[in-house]
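Accompanying notes for the structure given below.
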Amino acid sequence: MSSGLVERHIAFLEALRGAGLSVSLAEGLDAVAALSALPWDQRDTVHAAYAATLVKRQSLRPTFDALFDVYFPRLVGEGARGGETDEAGDGAGDETDGQVRDNGQALAQLRDRLARALADGDQEALSRLAVEMVGRFGAMPGRGPGLSSWSAYTALQRVAPGELVDRIVQALLAEGRTEEEAARVAARRLGGFTRQVEDDARRRIAEEKGPDHVADVAVRPSIDRIDFTSARKADLEQMRREIYPLARRLATRLTQEHHARRRGPLDFRRTVRASMSTGGVPLTTHHRPKRPHRTELVVLCDVSGSVASFAQFTLLLVFALRDQFQKVRAFTFIDHVHEVTHHFKPGADVVDVMADLAASTSHAALWGRTNYGRALTRFVDEHSDALGPKTALLILGDARSNYSDLALDKLKEMERGSRHAWWLNPEHRRHWDTGDSVAGRYAEVVPMVECRNLTQLGEFVHDIL
Amino acid sequence: MSWFTSPGEVTERLAATGYLADPATSTTAYLAGALEKPLLVEGPAGVGKTELAKAVSRATGADLVRLQCYEGLDEARALYEWNYKKQLLRIQATQGDAASWAETHDDIFTDEFLLTRPLLTAIRRDEPTVLLIDEVDKTDVEVEGLLLEVLSDFQVTIPELGTLSAVRRPYVVLTSNASRELSEALKRRCLYLHLDYPDEEREREIVLSQVPDLEERVAGQVVATVARLRDLELKKPPSIAESVDWARTLIALEIRDLDDKAVDDTLGVVLKHASDHERAIRELRLRK
């Protein structure tokens, strides 16, 4: 038994586990059973069978797809080349494949075809072009066998699909779409193509160095585990789309948990009354509902460049859950405090709110350098009425205060003035107290919680409710 | 009996009942039958999760047993319940006789006094059955525990009667809107399928098959507009069910061409939030 199929299967499962999918032994066996019940002539069928038996959470699907492509690649090498070979003599098996066909003319021609395919949104042509592009422009010839590699980055730099945006937008406008829409569609298609190119480079590397080598390094974490501070622009957009569903999930979970704990003291009258139908035997007891207590929440966010996105996500989430609180007030600061509560109208559009928030950032700054001490002092001076014995105080920020005064006594005062206080820090715990971070000093006054991604944020918000 | 012979056959037979499945759906639906494992279908509202179960039952001629989940669903509603009132009557009726307690006891815990609920019904049927457990994420965590025994071994233990095993394994479909994470134990026992909004091509076919009176050109316009709406950041993107509703609306209003004005007038069919309306009108430039 050395077809390698079993080994490949086991290695694939191992890689999935390594990437954070909890694949149990039983599920692995299910996958084998599923494969033996299916014909193998279609890659998609195998893909669907593995997906149905191994991936039980949609947020992990991109990770799974990336690994599947690495272990069960779509094609090997250049694959069967399509009818678009425009240069003679490429069947010669030349040793430095990339260099021979890599010239200015080929580049211009490829960009031309790419622009057309992107404008039409032709998926098939795009995936073919991605393969061709990495093959031609992404090769990094090595000194010996096994040392050569492929780089999506080089290929993307050479071809620069980003410069084609205008042409795509023009083509889309000609189809009668509005300007913003055209820009958005163009950006999405470009993003998709970039991903295809990265996938293809990964596939080629896997082919040369073995899939296990790639599986460890090349797979990005799923969206709810990406750090706020290191997220790319596209990730931030996707995260923003996740906020509303996340709030909905949290709200459902909270309602259910509150209901489960709802059994208050025995309602004697109703119990006796209900027992009449069972001959006076109180088979089921009735209870008085428990009064849920709702807290008031005051959120104070650092919106300076480095942590702005984190503050925005937290604010959005908190306001999406506003019916769980009695009242929510939000303040932003850099070195000056500014109230932003009025931007969050019930039912307001997420995109508008984000735009308003970004526009109001200037109100939170006097000199534009983060100064926690100053911001805390201003808060106590101007908005101390916001805090009271029923309020929970939430401070968001990385506690990097540019070596200025910390105003620890003001923070102590705020902490004493409210019922609970927490500090959410979007940095990894190991970066606390490095450089100008004074996380440790503040953490002595207010309990500080690490909150780097959507999962941690969701957990935290759930726990304080 | 096997449910289907190949993924291709699933596609054909589901299509015959008016459900157009993509290859992944067909493959997974076929596997659910071939491996006799429950199928957990997740996805946004209105993409045809429940419809998939109904289509399978129509395609195979099996009867559909449906358990609609809701918060507070308990064993008595999902599995079985003793008919307490009837038992009481029975005891009172036999009071005059000299029957011993043991006899009465044996007598009142029999099939006659058992009220079977959907899960038990599905297991005890000897004809082919499709069991649909709808919106399983709405239940409490305890009910999931209840489902485990039923879904892994297809048996139910009733203390008074012993363990009842399935005469014939039903085809089980669970649907979920993912408003809550289901437990790992439940997920492990199921095959998983995520249904999402289809591509334009497929959606047009679906709309046309559901609303045959619609002109093909208008169907294309409806689907294209819906796709554009889904691109916007909306609170509730329109689902397939809503595109079909929209198509029906256009028929009813005898609108032959979906221009900006028509879209504006009928937007309420597809978008159900005021802020979504405003955004759509602004982004699609409906009002000049």
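Letters A, B, ... go to the chains of the structure tokens in the order shown; residues in each chain start at 1; ligands are counted from 1 in the same order.
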Q.
as an MDAnalysis selection string, please: the residues near Leu161 of chain B (cut-off 10 Å, only C-alpha atoms, same-chain neighbours under 6 positions excluded).
A. chainID B and resid 106 109:111
Convert the current residue selection to file output with C-alpha atoms, as a PDB file, in the first residue's frame.
ATOM      1  CA  ASP B 106     -47.867  -2.178  33.187  1.00  0.00           C
ATOM      2  CA  PHE B 109     -47.079   2.642  30.257  1.00  0.00           C
ATOM      3  CA  THR B 110     -47.795   1.151  26.878  1.00  0.00           C
ATOM      4  CA  ASP B 111     -47.946   2.426  23.345  1.00  0.00           C
TER       5      ASP B 111
END
**Q.** Arg124 of chain B surroundings by only C-alpha atoms, 7 Å radius, close-in-sequence under 4 positions cut, as a ChimeraX atom specification
**A.** /B:120,166-167
Selection file, N, CA, C and O atoms, as a short mmCIF file (atom, residue, chain, number, x, y, z; two decimals), in the first residue's frame:
data_model
loop_
_atom_site.label_atom_id
_atom_site.label_comp_id
_atom_site.auth_asym_id
_atom_site.auth_seq_id
_atom_site.Cartn_x
_atom_site.Cartn_y
_atom_site.Cartn_z
N LEU B 120 -39.40 11.01 17.63
CA LEU B 120 -39.74 9.60 17.81
C LEU B 120 -40.55 9.11 16.62
O LEU B 120 -40.34 7.98 16.13
N ALA B 166 -34.30 2.75 15.33
CA ALA B 166 -34.95 3.10 14.08
C ALA B 166 -35.22 1.85 13.27
O ALA B 166 -34.35 0.99 13.12
N VAL B 167 -36.44 1.73 12.77
CA VAL B 167 -36.76 0.63 11.88
C VAL B 167 -36.02 0.86 10.57
O VAL B 167 -35.47 -0.04 9.96
#
(Q) With 9 Å as the limit and counting only C-alpha atoms, what residues in chain B lie close to chain A? Please list them as an MDAnalysis selection string. (A) chainID B and resid 6:7 23:25 27:28 31 34:35 39:40 42:43 71 85 138:140 178:181 184 187:194 228 231:235 273:276 278:279 283:285
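Atom to atom, atom CA of Ile158 of chain B and atom CA of Ala62 of chain B stand 26.4 Å apart.
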**Q.** Sel. of helix (DSSP H, G or I) residues, segment 51-120 of chain B, as an NGL selection string
**A.** :B and (51-60 or 75-78 or 84-93 or 101-108 or 111-113 or 118-120)
Give me a file of those residues, with C-alpha atoms, as a PDB file, in the first residue's frame.
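Saved to part.pdb:
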ATOM      1  CA  GLU B  51     -36.454  24.041   0.867  1.00  0.00           C
ATOM      2  CA  LEU B  52     -33.577  21.593   0.375  1.00  0.00           C
ATOM      3  CA  ALA B  53     -35.146  19.172   2.856  1.00  0.00           C
ATOM      4  CA  LYS B  54     -38.535  19.543   1.229  1.00  0.00           C
ATOM      5  CA  ALA B  55     -37.026  18.997  -2.208  1.00  0.00           C
ATOM      6  CA  VAL B  56     -35.301  15.810  -1.052  1.00  0.00           C
ATOM      7  CA  SER B  57     -38.565  14.503   0.323  1.00  0.00           C
ATOM      8  CA  ARG B  58     -40.370  15.334  -2.921  1.00  0.00           C
ATOM      9  CA  ALA B  59     -37.638  13.854  -5.074  1.00  0.00           C
ATOM     10  CA  THR B  60     -37.508  10.556  -3.209  1.00  0.00           C
ATOM     11  CA  GLU B  75     -38.219  16.727  25.481  1.00  0.00           C
ATOM     12  CA  ALA B  76     -41.979  16.551  25.753  1.00  0.00           C
ATOM     13  CA  ARG B  77     -42.396  18.548  22.533  1.00  0.00           C
ATOM     14  CA  ALA B  78     -39.516  17.075  20.587  1.00  0.00           C
ATOM     15  CA  TYR B  84     -51.101  11.963  31.471  1.00  0.00           C
ATOM     16  CA  LYS B  85     -54.813  12.717  31.300  1.00  0.00           C
ATOM     17  CA  LYS B  86     -55.596   9.481  29.551  1.00  0.00           C
ATOM     18  CA  GLN B  87     -53.541   7.547  32.086  1.00  0.00           C
ATOM     19  CA  LEU B  88     -55.493   9.238  34.878  1.00  0.00           C
ATOM     20  CA  LEU B  89     -58.761   8.262  33.245  1.00  0.00           C
ATOM     21  CA  ARG B  90     -57.558   4.717  32.925  1.00  0.00           C
ATOM     22  CA  ILE B  91     -56.635   4.499  36.595  1.00  0.00           C
ATOM     23  CA  GLN B  92     -59.947   5.933  37.635  1.00  0.00           C
ATOM     24  CA  ALA B  93     -61.837   3.568  35.322  1.00  0.00           C
ATOM     25  CA  TRP B 101     -51.147  -2.150  41.083  1.00  0.00           C
ATOM     26  CA  ALA B 102     -48.579  -4.058  39.027  1.00  0.00           C
ATOM     27  CA  GLU B 103     -51.108  -4.747  36.286  1.00  0.00           C
ATOM     28  CA  THR B 104     -52.314  -1.170  36.159  1.00  0.00           C
ATOM     29  CA  HIS B 105     -48.750   0.037  36.137  1.00  0.00           C
ATOM     30  CA  ASP B 106     -47.867  -2.178  33.187  1.00  0.00           C
ATOM     31  CA  ASP B 107     -51.053  -1.169  31.506  1.00  0.00           C
ATOM     32  CA  ILE B 108     -50.637   2.610  31.585  1.00  0.00           C
ATOM     33  CA  ASP B 111     -47.946   2.426  23.345  1.00  0.00           C
ATOM     34  CA  GLU B 112     -51.540   3.424  23.800  1.00  0.00           C
ATOM     35  CA  PHE B 113     -50.621   6.170  26.230  1.00  0.00           C
ATOM     36  CA  PRO B 118     -41.531  14.430  15.656  1.00  0.00           C
ATOM     37  CA  LEU B 119     -38.195  12.840  16.590  1.00  0.00           C
ATOM     38  CA  LEU B 120     -39.738   9.603  17.811  1.00  0.00           C
TER      39      LEU B 120
END
**Q.** Which residue of B:Ala241, B:Leu73, B:Ile206, B:Val156 approaches Val47 of chain B most closely, using only C-alpha atoms
**A.** B:Ala241
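Remark: for Tyr19 of chain B, the closest of the candidate residues B:Arg202, B:Glu144, B:Thr157, B:Asn177 is B:Arg202 (distances computed over only C-alpha atoms).
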(Q) Please list as a PyMOL selection string every residue within 12 Å of Leu236 of chain A, counting only C-alpha atoms and excluding residues in the same chain fewer than 4 positions away. (A) chain A and resi 223-224+226-232+240-243+308-310+312-313+453-454
Q.
Env of Phe154 of chain B: 8 Å cut, atoms = only C-alpha atoms, seq-sep filter 2 positions within chain, self excluded. Answer as a PyMOL selection string.
A. chain B and resi 123+149-152+156+165-166+169
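Here the question is which of A:Thr194, A:Gln42, A:Gln324, A:Ser36 gets nearest to Gly8 of chain B using only C-alpha atoms, and that residue is A:Gln42.
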Q: Show which residues sit within 8 Å of Tyr372 of chain A, as a list in words. Count only C-alpha atoms, and ignore same-chain residues fewer than 4 positions away.
A: Ile334, Asp335, Leu376, Ala399, Arg400, Ser401, Ser404, Asp405, Leu406 and Ala407 of chain A
Q. Residues at most 9 Å from Leu208 of chain B, counting only C-alpha atoms, excluding those fewer than 6 positions away in the same chain, as a ChimeraX atom specification?
A. /B:214-216,219,244,247
